[in-house]
Amino acid sequence: MDRAERRIVEALTSNPPEVSYNPYAYNEDIELLSFPVAIVLVAALANDYIKRRYALAEARRAYSLFKLENEEKIAEIAGKFGWKIRVINRQIGFIRFSFALHFIDYLKNAIAFHEKEWKLVNRMVHNGEVYLSKHDVARLLQEEVRRYIESKIDLSAEVKIPEEILKYVEKIRQICSEKIKETPLEPIPSGVVNDAFPPCIRELYEAIKSGRHVSHIGRFTLTAFLLNIGMDAESVINLFRSLADFNERITRYQIEHIAGERGSRTKYTSPKCDTLRTHGLCVGSDELCRRVKHPLTYYLRRTRALEKREKARVEE
Ligand code: SF4
């Protein structure tokens, strides 16, 4: 667990991001087992920025290690990713090529690089194979590893995390709080999904619908949340009609202001969990609440999980 925690902290705090490798610090069993444990911790942190940064840091570590391996070993590892690759060890002119890689496998990974040297026209290609050095193949493998790790981290998975492990999640969250973005980086899917509302928003939504009094900060939170998940201003105004003190002109002005359609043209985001807690609007967290810091992140994760469940149901 400690090594898994260290891997993530290193990924988030080193620049450029890279997980270190010190064969004297940890034995092989710890190195091997701490990797899947770190994947669980990253998934529990439920943050797209951490996921991408961790995957990149592990991939960079893999790149450093690939460069120490011989050609046969590198070809064997690439084969596990389905690459069609051969060791050629061939000198052409002044250049020594170690590998011939099928151009499809080359393009699949080189597409992420923007330097001119990675364009296919600047490469030696023969019979559909791209001739490459060991360094090039290690770099292409780094990209393959990065995508592989990202695919292993499912942020929408609803898993019950044992208390002991949650302590590590909280510790990482505290150590790296400045690095962890408060709002979701992924785009919010279009269309309002009421079933994905976090408890705090559900409470505010029901209170407004049934005409109960809601504080100013509560109204702001609900409005900003609904606008951010794609509800149009007119529908939000209609929601407020049940309130005894409803005034269409003032409500419209305030909602259009929060939507960024008036004044400074800034679209507001609903407050984060810490702020809502301070104002007594956090009505008691559920399992997912413990893994997020913002109601919009909660909504994003829950929507993804519901979509996945629905897709699985249709496929059955
Ligand atoms: S933890 Fe955050 S998302 Fe969950 S109820 Fe509290 S404020 Fe809302």
# chains A, B, ... in the order shown; residues from 1 in each chain; ligands from 1

call {"tool": "residues_near_ligand", "arguments": {"ligand": "ligand 1", "cutoff": "8 Å", "atoms": "only C-alpha atoms and all ligand atoms", "output": "CSV table (one decimal) with N, CA and C atoms, in the first residue's frame"}}
result
chain,number,residue,atom,x,y,z
A,198,PRO,N,-26.4,14.5,-7.2
A,198,PRO,CA,-25.9,14.2,-5.9
A,198,PRO,C,-26.9,14.5,-4.8
A,199,PRO,N,-26.8,13.9,-3.6
A,199,PRO,CA,-27.8,14.1,-2.5
A,199,PRO,C,-28.1,15.6,-2.2
A,200,CYS,N,-27.1,16.4,-2.2
A,200,CYS,CA,-27.3,17.9,-1.9
A,200,CYS,C,-28.2,18.5,-2.9
A,201,ILE,N,-27.9,18.2,-4.2
A,201,ILE,CA,-28.7,18.9,-5.3
A,201,ILE,C,-30.1,18.3,-5.3
A,272,LYS,N,-18.0,24.0,-4.6
A,272,LYS,CA,-17.5,22.7,-4.3
A,272,LYS,C,-18.0,22.2,-3.0
A,273,CYS,N,-17.8,20.9,-2.7
A,273,CYS,CA,-18.4,20.2,-1.5
A,273,CYS,C,-18.0,20.9,-0.2
A,274,ASP,N,-16.7,21.3,-0.1
A,274,ASP,CA,-16.3,22.0,1.1
A,274,ASP,C,-17.1,23.2,1.5
A,275,THR,N,-17.4,24.0,0.4
A,275,THR,CA,-18.2,25.2,0.6
A,275,THR,C,-19.6,24.8,1.0
A,276,LEU,N,-20.2,23.8,0.3
A,276,LEU,CA,-21.5,23.4,0.6
A,276,LEU,C,-21.7,22.9,2.1
A,277,ARG,N,-20.6,22.2,2.5
A,277,ARG,CA,-20.6,21.7,3.9
A,277,ARG,C,-20.6,22.9,4.9
A,281,LEU,N,-25.3,22.7,3.5
A,281,LEU,CA,-26.1,22.2,2.3
A,281,LEU,C,-25.7,20.8,1.9
A,282,CYS,N,-24.6,20.3,2.5
A,282,CYS,CA,-24.3,18.9,2.3
A,282,CYS,C,-25.1,18.0,3.2
A,283,VAL,N,-26.0,17.2,2.6
A,283,VAL,CA,-27.0,16.6,3.4
A,283,VAL,C,-26.6,15.2,3.9
A,284,GLY,N,-25.4,14.9,3.8
A,284,GLY,CA,-25.0,13.5,4.2
A,284,GLY,C,-24.5,12.8,3.0
A,285,SER,N,-23.3,12.3,3.1
A,285,SER,CA,-22.6,11.8,1.9
A,285,SER,C,-23.0,10.3,1.6
A,286,ASP,N,-23.0,9.9,0.4
A,286,ASP,CA,-23.1,8.5,0.1
A,286,ASP,C,-21.7,8.0,-0.3
A,288,LEU,N,-20.3,7.4,-3.2
A,288,LEU,CA,-19.6,8.2,-4.3
A,288,LEU,C,-19.2,9.6,-3.8
A,289,CYS,N,-20.0,10.2,-2.9
A,289,CYS,CA,-19.6,11.5,-2.3
A,289,CYS,C,-18.2,11.4,-1.7
A,290,ARG,N,-17.9,10.3,-1.1
A,290,ARG,CA,-16.6,10.2,-0.4
A,290,ARG,C,-15.4,10.2,-1.4
A,292,VAL,N,-15.4,12.2,-4.3
A,292,VAL,CA,-15.4,13.5,-5.1
A,292,VAL,C,-15.3,14.7,-4.2
A,293,LYS,N,-15.0,15.8,-4.9
A,293,LYS,CA,-14.8,17.1,-4.1
A,293,LYS,C,-15.8,18.1,-4.7
A,294,HIS,N,-16.6,17.7,-5.7
A,294,HIS,CA,-17.5,18.7,-6.3
A,294,HIS,C,-18.7,18.0,-6.8
A,295,PRO,N,-19.9,18.6,-6.6
A,295,PRO,CA,-21.2,18.0,-7.0
A,295,PRO,C,-21.2,17.6,-8.5
A,296,LEU,N,-20.5,18.5,-9.3
A,296,LEU,CA,-20.5,18.2,-10.8
A,296,LEU,C,-19.7,16.9,-11.1
A,297,THR,N,-18.7,16.7,-10.3
A,297,THR,CA,-17.9,15.4,-10.5
A,297,THR,C,-18.8,14.2,-10.2
A,298,TYR,N,-19.5,14.4,-9.1
A,298,TYR,CA,-20.5,13.3,-8.7
A,298,TYR,C,-21.4,13.0,-9.8

call {"tool": "residues_around", "arguments": {"residues": "range 148-162 of chain A", "least_positions_apart": "3", "cutoff": "8 Å", "atoms": "only C-alpha atoms", "output": "PyMOL selection string"}}
result
chain A and resi 39-40+42-44+46-48+51-52+55+144-145+165-166+287-288+301-302+304-305

call {"tool": "select_by_dssp", "arguments": {"residues": "range 33-265 of chain A", "states": "helix (DSSP H, G or I)", "output": "PyMOL selection string"}}
result
chain A and resi 33-45+48-66+71-80+103-110+116-118+120-122+134-152+163-175+194-196+199-209+216-228+233-242+248-258

call {"tool": "closest_residue", "arguments": {"among": "A:Lys171, A:Lys308, A:Arg96, A:Arg219", "to": "Asp2 in chain A", "atoms": "only C-alpha atoms"}}
result
A:Lys171

call {"tool": "residues_around", "arguments": {"residues": "Ala62 in chain A", "least_positions_apart": "4", "cutoff": "10 Å", "atoms": "only C-alpha atoms", "output": "PyMOL selection string"}}
result
chain A and resi 18-21+56-58+66-67+138-139+141-143+145-146

call {"tool": "write_last_selection", "arguments": {"atoms": "N, CA and C atoms", "output": "mmCIF file, in the first residue's frame"}}
result
data_model
loop_
_atom_site.group_PDB
_atom_site.id
_atom_site.type_symbol
_atom_site.label_atom_id
_atom_site.label_comp_id
_atom_site.auth_asym_id
_atom_site.auth_seq_id
_atom_site.Cartn_x
_atom_site.Cartn_y
_atom_site.Cartn_z
ATOM 1 N N GLU A 18 6.957 11.302 -13.635
ATOM 2 C CA GLU A 18 7.564 9.985 -13.833
ATOM 3 C C GLU A 18 7.621 9.249 -12.504
ATOM 4 N N VAL A 19 7.249 7.982 -12.530
ATOM 5 C CA VAL A 19 7.354 7.152 -11.334
ATOM 6 C C VAL A 19 8.782 6.609 -11.322
ATOM 7 N N SER A 20 9.462 6.758 -10.196
ATOM 8 C CA SER A 20 10.871 6.359 -10.150
ATOM 9 C C SER A 20 11.023 4.843 -10.055
ATOM 10 N N TYR A 21 12.212 4.379 -10.376
ATOM 11 C CA TYR A 21 12.490 2.950 -10.226
ATOM 12 C C TYR A 21 13.815 2.796 -9.498
ATOM 13 N N LEU A 56 0.585 8.659 -17.595
ATOM 14 C CA LEU A 56 1.771 9.199 -18.264
ATOM 15 C C LEU A 56 3.042 8.914 -17.461
ATOM 16 N N ALA A 57 2.971 9.096 -16.144
ATOM 17 C CA ALA A 57 4.154 8.890 -15.294
ATOM 18 C C ALA A 57 4.602 7.427 -15.315
ATOM 19 N N GLU A 58 3.651 6.497 -15.285
ATOM 20 C CA GLU A 58 4.011 5.077 -15.342
ATOM 21 C C GLU A 58 4.581 4.741 -16.722
ATOM 22 N N PHE A 66 12.477 0.156 -20.703
ATOM 23 C CA PHE A 66 12.585 -0.492 -22.029
ATOM 24 C C PHE A 66 13.977 -0.264 -22.618
ATOM 25 N N LYS A 67 14.494 0.946 -22.404
ATOM 26 C CA LYS A 67 15.786 1.283 -23.017
ATOM 27 C C LYS A 67 16.922 0.415 -22.469
ATOM 28 N N ALA A 138 11.092 2.092 -28.099
ATOM 29 C CA ALA A 138 10.816 2.321 -26.668
ATOM 30 C C ALA A 138 9.844 3.489 -26.507
ATOM 31 N N ARG A 139 10.027 4.523 -27.326
ATOM 32 C CA ARG A 139 9.146 5.709 -27.241
ATOM 33 C C ARG A 139 7.724 5.369 -27.695
ATOM 34 N N LEU A 141 6.389 2.429 -27.584
ATOM 35 C CA LEU A 141 5.818 1.553 -26.544
ATOM 36 C C LEU A 141 5.330 2.376 -25.353
ATOM 37 N N GLN A 142 6.040 3.448 -25.061
ATOM 38 C CA GLN A 142 5.604 4.314 -23.953
ATOM 39 C C GLN A 142 4.162 4.778 -24.209
ATOM 40 N N GLU A 143 3.898 5.180 -25.458
ATOM 41 C CA GLU A 143 2.557 5.649 -25.802
ATOM 42 C C GLU A 143 1.525 4.523 -25.663
ATOM 43 N N VAL A 145 1.738 1.952 -23.657
ATOM 44 C CA VAL A 145 1.568 1.704 -22.217
ATOM 45 C C VAL A 145 0.670 2.774 -21.596
ATOM 46 N N ARG A 146 0.867 4.014 -22.020
ATOM 47 C CA ARG A 146 0.040 5.099 -21.472
ATOM 48 C C ARG A 146 -1.446 4.842 -21.757
#

call {"tool": "closest_residue", "arguments": {"among": "A:Arg241, A:Ala59, A:Arg53, A:Phe225", "to": "Phe197 in chain A", "atoms": "only C-alpha atoms"}}
result
A:Phe225

call {"tool": "select_by_dssp", "arguments": {"residues": "range 26-231 of chain A", "states": "strand (DSSP E or B)", "output": "PyMOL selection string"}}
result
chain A and resi 85-92+95-102+125-126+129-132

call {"tool": "write_last_selection", "arguments": {"atoms": "N, CA and C atoms", "output": "PDB file, in the first residue's frame"}}
result
ATOM      1  N   ILE A  85       6.061  -7.020 -35.141  1.00  0.00           N
ATOM      2  CA  ILE A  85       7.395  -6.419 -35.068  1.00  0.00           C
ATOM      3  C   ILE A  85       8.466  -7.497 -35.226  1.00  0.00           C
ATOM      4  N   ARG A  86       9.570  -7.123 -35.889  1.00  0.00           N
ATOM      5  CA  ARG A  86      10.687  -8.069 -36.061  1.00  0.00           C
ATOM      6  C   ARG A  86      11.977  -7.382 -35.658  1.00  0.00           C
ATOM      7  N   VAL A  87      12.902  -8.179 -35.090  1.00  0.00           N
ATOM      8  CA  VAL A  87      14.243  -7.646 -34.824  1.00  0.00           C
ATOM      9  C   VAL A  87      15.024  -7.818 -36.127  1.00  0.00           C
ATOM     10  N   ILE A  88      15.629  -6.725 -36.635  1.00  0.00           N
ATOM     11  CA  ILE A  88      16.374  -6.868 -37.901  1.00  0.00           C
ATOM     12  C   ILE A  88      17.882  -6.588 -37.749  1.00  0.00           C
ATOM     13  N   ASN A  89      18.230  -5.699 -36.810  1.00  0.00           N
ATOM     14  CA  ASN A  89      19.641  -5.318 -36.617  1.00  0.00           C
ATOM     15  C   ASN A  89      20.366  -5.129 -37.956  1.00  0.00           C
ATOM     16  N   ARG A  90      19.941  -4.122 -38.686  1.00  0.00           N
ATOM     17  CA  ARG A  90      20.457  -3.918 -40.040  1.00  0.00           C
ATOM     18  C   ARG A  90      21.029  -2.508 -40.213  1.00  0.00           C
ATOM     19  N   GLN A  91      22.175  -2.449 -40.887  1.00  0.00           N
ATOM     20  CA  GLN A  91      22.821  -1.152 -41.146  1.00  0.00           C
ATOM     21  C   GLN A  91      22.438  -0.715 -42.550  1.00  0.00           C
ATOM     22  N   ILE A  92      21.861   0.478 -42.691  1.00  0.00           N
ATOM     23  CA  ILE A  92      21.573   1.000 -44.029  1.00  0.00           C
ATOM     24  C   ILE A  92      22.247   2.366 -44.106  1.00  0.00           C
ATOM     25  N   ILE A  95      23.031   4.558 -40.923  1.00  0.00           N
ATOM     26  CA  ILE A  95      22.053   4.366 -39.838  1.00  0.00           C
ATOM     27  C   ILE A  95      21.844   2.894 -39.521  1.00  0.00           C
ATOM     28  N   ARG A  96      21.794   2.622 -38.214  1.00  0.00           N
ATOM     29  CA  ARG A  96      21.567   1.250 -37.776  1.00  0.00           C
ATOM     30  C   ARG A  96      20.114   1.120 -37.309  1.00  0.00           C
ATOM     31  N   PHE A  97      19.375   0.180 -37.898  1.00  0.00           N
ATOM     32  CA  PHE A  97      17.985  -0.067 -37.512  1.00  0.00           C
ATOM     33  C   PHE A  97      17.912  -1.368 -36.732  1.00  0.00           C
ATOM     34  N   SER A  98      17.203  -1.343 -35.621  1.00  0.00           N
ATOM     35  CA  SER A  98      17.079  -2.548 -34.794  1.00  0.00           C
ATOM     36  C   SER A  98      15.797  -3.322 -35.090  1.00  0.00           C
ATOM     37  N   PHE A  99      14.732  -2.593 -35.510  1.00  0.00           N
ATOM     38  CA  PHE A  99      13.416  -3.240 -35.662  1.00  0.00           C
ATOM     39  C   PHE A  99      12.742  -2.868 -36.986  1.00  0.00           C
ATOM     40  N   ALA A 100      11.846  -3.787 -37.430  1.00  0.00           N
ATOM     41  CA  ALA A 100      10.916  -3.473 -38.519  1.00  0.00           C
ATOM     42  C   ALA A 100       9.518  -3.650 -37.934  1.00  0.00           C
ATOM     43  N   LEU A 101       8.712  -2.568 -37.998  1.00  0.00           N
ATOM     44  CA  LEU A 101       7.383  -2.584 -37.370  1.00  0.00           C
ATOM     45  C   LEU A 101       6.321  -2.331 -38.427  1.00  0.00           C
ATOM     46  N   HIS A 102       5.235  -3.120 -38.387  1.00  0.00           N
ATOM     47  CA  HIS A 102       4.154  -2.931 -39.360  1.00  0.00           C
ATOM     48  C   HIS A 102       3.653  -1.482 -39.267  1.00  0.00           C
ATOM     49  N   VAL A 125      10.597   3.182 -44.937  1.00  0.00           N
ATOM     50  CA  VAL A 125       9.512   2.186 -44.988  1.00  0.00           C
ATOM     51  C   VAL A 125       9.807   1.202 -46.111  1.00  0.00           C
ATOM     52  N   HIS A 126       9.660  -0.097 -45.812  1.00  0.00           N
ATOM     53  CA  HIS A 126       9.917  -1.107 -46.829  1.00  0.00           C
ATOM     54  C   HIS A 126       8.900  -2.235 -46.677  1.00  0.00           C
ATOM     55  N   GLU A 129       6.635  -2.128 -43.740  1.00  0.00           N
ATOM     56  CA  GLU A 129       7.247  -2.095 -42.409  1.00  0.00           C
ATOM     57  C   GLU A 129       8.084  -0.821 -42.259  1.00  0.00           C
ATOM     58  N   VAL A 130       8.027  -0.242 -41.047  1.00  0.00           N
ATOM     59  CA  VAL A 130       8.807   0.957 -40.756  1.00  0.00           C
ATOM     60  C   VAL A 130      10.072   0.516 -40.014  1.00  0.00           C
ATOM     61  N   TYR A 131      11.224   0.967 -40.506  1.00  0.00           N
ATOM     62  CA  TYR A 131      12.488   0.588 -39.861  1.00  0.00           C
ATOM     63  C   TYR A 131      12.791   1.590 -38.729  1.00  0.00           C
ATOM     64  N   LEU A 132      13.103   1.021 -37.567  1.00  0.00           N
ATOM     65  CA  LEU A 132      13.232   1.880 -36.379  1.00  0.00           C
ATOM     66  C   LEU A 132      14.418   1.515 -35.511  1.00  0.00           C
TER      67      LEU A 132
END

call {"tool": "closest_residue", "arguments": {"among": "A:Leu306, A:Val193, A:Tyr24, A:Lys84", "to": "Tyr106 in chain A", "atoms": "only C-alpha atoms"}}
result
A:Lys84

call {"tool": "closest_residue", "arguments": {"among": "A:Tyr26, A:Tyr253, A:Tyr205, A:Phe103", "to": "Arg123 in chain A", "atoms": "only C-alpha atoms"}}
result
A:Phe103

call {"tool": "residues_around", "arguments": {"residues": "Ala259 in chain A", "least_positions_apart": "3", "cutoff": "7 Å", "atoms": "only C-alpha atoms", "output": "VMD selection string"}}
result
chain A and resid 227 255 to 256 267 to 268

call {"tool": "atom_distance", "arguments": {"atom1": "CA of Thr251 in chain A", "atom2": "CA of Ile237 in chain A"}}
result
6.6 Å

call {"tool": "closest_residue", "arguments": {"among": "A:Ile229, A:Leu140, A:Leu65, A:Leu12", "to": "Lys108 in chain A", "atoms": "only C-alpha atoms"}}
result
A:Leu140

call {"tool": "closest_residue", "arguments": {"among": "A:Asn70, A:Ser34, A:Asn127, A:Asn238", "to": "Lys209 in chain A", "atoms": "only C-alpha atoms"}}
result
A:Asn238

call {"tool": "atom_distance", "arguments": {"atom1": "CA of Gly82 in chain A", "atom2": "CA of His135 in chain A"}}
result
19.3 Å

call {"tool": "atom_distance", "arguments": {"atom1": "CA of Arg173 in chain A", "atom2": "CA of Ile50 in chain A"}}
result
10.2 Å

call {"tool": "residues_around", "arguments": {"residues": "Leu41 in chain A", "least_positions_apart": "6", "cutoff": "9 Å", "atoms": "only C-alpha atoms", "output": "PDB file with C-alpha atoms, in the first residue's frame"}}
result
ATOM      1  CA  ALA A   4       1.257   2.253  -4.332  1.00  0.00           C
ATOM      2  CA  GLU A   5       0.706   5.559  -2.543  1.00  0.00           C
ATOM      3  CA  ILE A   8       0.793   8.142  -7.272  1.00  0.00           C
ATOM      4  CA  ILE A 165      -7.886   1.718   1.633  1.00  0.00           C
ATOM      5  CA  LEU A 166      -9.976   4.892   1.848  1.00  0.00           C
ATOM      6  CA  TYR A 168      -4.770   6.062   1.671  1.00  0.00           C
ATOM      7  CA  VAL A 169      -7.088   7.755  -0.823  1.00  0.00           C
ATOM      8  CA  ILE A 172      -3.074  11.209  -1.300  1.00  0.00           C
TER       9      ILE A 172
END

call {"tool": "decode", "arguments": {"residues": "range 261-298 of chain A", "atoms": "N, CA and C atoms", "output": "PDB file, in the first residue's frame"}}
result
ATOM      1  N   GLU A 261     -25.141  35.095 -19.448  1.00  0.00           N
ATOM      2  CA  GLU A 261     -25.781  35.785 -20.575  1.00  0.00           C
ATOM      3  C   GLU A 261     -25.912  37.279 -20.319  1.00  0.00           C
ATOM      4  N   ARG A 262     -25.555  37.711 -19.107  1.00  0.00           N
ATOM      5  CA  ARG A 262     -25.635  39.140 -18.751  1.00  0.00           C
ATOM      6  C   ARG A 262     -24.364  39.558 -18.018  1.00  0.00           C
ATOM      7  N   GLY A 263     -24.219  40.848 -17.790  1.00  0.00           N
ATOM      8  CA  GLY A 263     -23.131  41.388 -16.957  1.00  0.00           C
ATOM      9  C   GLY A 263     -21.757  40.997 -17.447  1.00  0.00           C
ATOM     10  N   SER A 264     -20.972  40.366 -16.570  1.00  0.00           N
ATOM     11  CA  SER A 264     -19.573  40.057 -16.889  1.00  0.00           C
ATOM     12  C   SER A 264     -19.441  38.921 -17.901  1.00  0.00           C
ATOM     13  N   ARG A 265     -20.572  38.288 -18.264  1.00  0.00           N
ATOM     14  CA  ARG A 265     -20.597  37.168 -19.231  1.00  0.00           C
ATOM     15  C   ARG A 265     -19.811  35.964 -18.711  1.00  0.00           C
ATOM     16  N   THR A 266     -19.681  35.862 -17.385  1.00  0.00           N
ATOM     17  CA  THR A 266     -18.998  34.712 -16.795  1.00  0.00           C
ATOM     18  C   THR A 266     -20.046  33.666 -16.445  1.00  0.00           C
ATOM     19  N   LYS A 267     -19.870  32.439 -16.912  1.00  0.00           N
ATOM     20  CA  LYS A 267     -20.805  31.382 -16.527  1.00  0.00           C
ATOM     21  C   LYS A 267     -20.321  30.817 -15.196  1.00  0.00           C
ATOM     22  N   TYR A 268     -21.173  30.839 -14.188  1.00  0.00           N
ATOM     23  CA  TYR A 268     -20.760  30.399 -12.856  1.00  0.00           C
ATOM     24  C   TYR A 268     -20.864  28.889 -12.706  1.00  0.00           C
ATOM     25  N   THR A 269     -19.986  28.341 -11.838  1.00  0.00           N
ATOM     26  CA  THR A 269     -20.030  26.920 -11.510  1.00  0.00           C
ATOM     27  C   THR A 269     -20.576  26.796 -10.090  1.00  0.00           C
ATOM     28  N   SER A 270     -21.298  25.725  -9.807  1.00  0.00           N
ATOM     29  CA  SER A 270     -21.819  25.545  -8.447  1.00  0.00           C
ATOM     30  C   SER A 270     -20.648  25.377  -7.474  1.00  0.00           C
ATOM     31  N   PRO A 271     -20.808  25.749  -6.200  1.00  0.00           N
ATOM     32  CA  PRO A 271     -19.700  25.646  -5.234  1.00  0.00           C
ATOM     33  C   PRO A 271     -19.255  24.198  -5.025  1.00  0.00           C
ATOM     34  N   LYS A 272     -18.009  24.048  -4.565  1.00  0.00           N
ATOM     35  CA  LYS A 272     -17.501  22.699  -4.287  1.00  0.00           C
ATOM     36  C   LYS A 272     -18.045  22.166  -2.961  1.00  0.00           C
ATOM     37  N   CYS A 273     -17.802  20.882  -2.717  1.00  0.00           N
ATOM     38  CA  CYS A 273     -18.377  20.215  -1.531  1.00  0.00           C
ATOM     39  C   CYS A 273     -17.990  20.927  -0.224  1.00  0.00           C
ATOM     40  N   ASP A 274     -16.722  21.331  -0.094  1.00  0.00           N
ATOM     41  CA  ASP A 274     -16.262  21.978   1.145  1.00  0.00           C
ATOM     42  C   ASP A 274     -17.126  23.203   1.460  1.00  0.00           C
ATOM     43  N   THR A 275     -17.386  24.003   0.419  1.00  0.00           N
ATOM     44  CA  THR A 275     -18.183  25.220   0.606  1.00  0.00           C
ATOM     45  C   THR A 275     -19.615  24.850   0.995  1.00  0.00           C
ATOM     46  N   LEU A 276     -20.168  23.839   0.339  1.00  0.00           N
ATOM     47  CA  LEU A 276     -21.549  23.449   0.645  1.00  0.00           C
ATOM     48  C   LEU A 276     -21.650  22.919   2.070  1.00  0.00           C
ATOM     49  N   ARG A 277     -20.597  22.218   2.502  1.00  0.00           N
ATOM     50  CA  ARG A 277     -20.577  21.714   3.888  1.00  0.00           C
ATOM     51  C   ARG A 277     -20.614  22.898   4.858  1.00  0.00           C
ATOM     52  N   THR A 278     -19.792  23.910   4.580  1.00  0.00           N
ATOM     53  CA  THR A 278     -19.732  25.095   5.449  1.00  0.00           C
ATOM     54  C   THR A 278     -21.106  25.749   5.580  1.00  0.00           C
ATOM     55  N   HIS A 279     -21.880  25.731   4.496  1.00  0.00           N
ATOM     56  CA  HIS A 279     -23.201  26.374   4.516  1.00  0.00           C
ATOM     57  C   HIS A 279     -24.311  25.407   4.921  1.00  0.00           C
ATOM     58  N   GLY A 280     -23.923  24.208   5.361  1.00  0.00           N
ATOM     59  CA  GLY A 280     -24.922  23.243   5.827  1.00  0.00           C
ATOM     60  C   GLY A 280     -25.774  22.661   4.709  1.00  0.00           C
ATOM     61  N   LEU A 281     -25.266  22.713   3.467  1.00  0.00           N
ATOM     62  CA  LEU A 281     -26.068  22.201   2.339  1.00  0.00           C
ATOM     63  C   LEU A 281     -25.683  20.776   1.940  1.00  0.00           C
ATOM     64  N   CYS A 282     -24.627  20.256   2.544  1.00  0.00           N
ATOM     65  CA  CYS A 282     -24.259  18.857   2.280  1.00  0.00           C
ATOM     66  C   CYS A 282     -25.111  18.010   3.223  1.00  0.00           C
ATOM     67  N   VAL A 283     -26.025  17.239   2.602  1.00  0.00           N
ATOM     68  CA  VAL A 283     -27.046  16.584   3.443  1.00  0.00           C
ATOM     69  C   VAL A 283     -26.648  15.181   3.882  1.00  0.00           C
ATOM     70  N   GLY A 284     -25.391  14.867   3.826  1.00  0.00           N
ATOM     71  CA  GLY A 284     -24.984  13.501   4.211  1.00  0.00           C
ATOM     72  C   GLY A 284     -24.509  12.779   2.980  1.00  0.00           C
ATOM     73  N   SER A 285     -23.269  12.339   3.054  1.00  0.00           N
ATOM     74  CA  SER A 285     -22.634  11.792   1.861  1.00  0.00           C
ATOM     75  C   SER A 285     -22.983  10.323   1.649  1.00  0.00           C
ATOM     76  N   ASP A 286     -23.023   9.901   0.401  1.00  0.00           N
ATOM     77  CA  ASP A 286     -23.109   8.470   0.116  1.00  0.00           C
ATOM     78  C   ASP A 286     -21.711   7.994  -0.310  1.00  0.00           C
ATOM     79  N   GLU A 287     -21.627   6.751  -0.776  1.00  0.00           N
ATOM     80  CA  GLU A 287     -20.327   6.161  -1.112  1.00  0.00           C
ATOM     81  C   GLU A 287     -19.569   6.991  -2.163  1.00  0.00           C
ATOM     82  N   LEU A 288     -20.284   7.418  -3.199  1.00  0.00           N
ATOM     83  CA  LEU A 288     -19.624   8.178  -4.267  1.00  0.00           C
ATOM     84  C   LEU A 288     -19.170   9.554  -3.763  1.00  0.00           C
ATOM     85  N   CYS A 289     -19.958  10.158  -2.873  1.00  0.00           N
ATOM     86  CA  CYS A 289     -19.597  11.468  -2.304  1.00  0.00           C
ATOM     87  C   CYS A 289     -18.203  11.431  -1.678  1.00  0.00           C
ATOM     88  N   ARG A 290     -17.863  10.301  -1.102  1.00  0.00           N
ATOM     89  CA  ARG A 290     -16.585  10.211  -0.398  1.00  0.00           C
ATOM     90  C   ARG A 290     -15.406  10.234  -1.366  1.00  0.00           C
ATOM     91  N   ARG A 291     -15.694  10.066  -2.649  1.00  0.00           N
ATOM     92  CA  ARG A 291     -14.613  10.026  -3.640  1.00  0.00           C
ATOM     93  C   ARG A 291     -14.572  11.267  -4.520  1.00  0.00           C
ATOM     94  N   VAL A 292     -15.426  12.245  -4.255  1.00  0.00           N
ATOM     95  CA  VAL A 292     -15.415  13.453  -5.087  1.00  0.00           C
ATOM     96  C   VAL A 292     -15.309  14.698  -4.214  1.00  0.00           C
ATOM     97  N   LYS A 293     -14.959  15.809  -4.879  1.00  0.00           N
ATOM     98  CA  LYS A 293     -14.849  17.064  -4.138  1.00  0.00           C
ATOM     99  C   LYS A 293     -15.797  18.102  -4.699  1.00  0.00           C
ATOM    100  N   HIS A 294     -16.578  17.700  -5.702  1.00  0.00           N
ATOM    101  CA  HIS A 294     -17.461  18.659  -6.346  1.00  0.00           C
ATOM    102  C   HIS A 294     -18.741  17.968  -6.810  1.00  0.00           C
ATOM    103  N   PRO A 295     -19.904  18.584  -6.587  1.00  0.00           N
ATOM    104  CA  PRO A 295     -21.166  17.951  -7.025  1.00  0.00           C
ATOM    105  C   PRO A 295     -21.196  17.633  -8.521  1.00  0.00           C
ATOM    106  N   LEU A 296     -20.513  18.454  -9.331  1.00  0.00           N
ATOM    107  CA  LEU A 296     -20.518  18.176 -10.773  1.00  0.00           C
ATOM    108  C   LEU A 296     -19.720  16.908 -11.101  1.00  0.00           C
ATOM    109  N   THR A 297     -18.666  16.670 -10.312  1.00  0.00           N
ATOM    110  CA  THR A 297     -17.896  15.431 -10.519  1.00  0.00           C
ATOM    111  C   THR A 297     -18.774  14.232 -10.154  1.00  0.00           C
ATOM    112  N   TYR A 298     -19.526  14.386  -9.064  1.00  0.00           N
ATOM    113  CA  TYR A 298     -20.452  13.321  -8.662  1.00  0.00           C
ATOM    114  C   TYR A 298     -21.400  13.012  -9.817  1.00  0.00           C
TER     115      TYR A 298
END
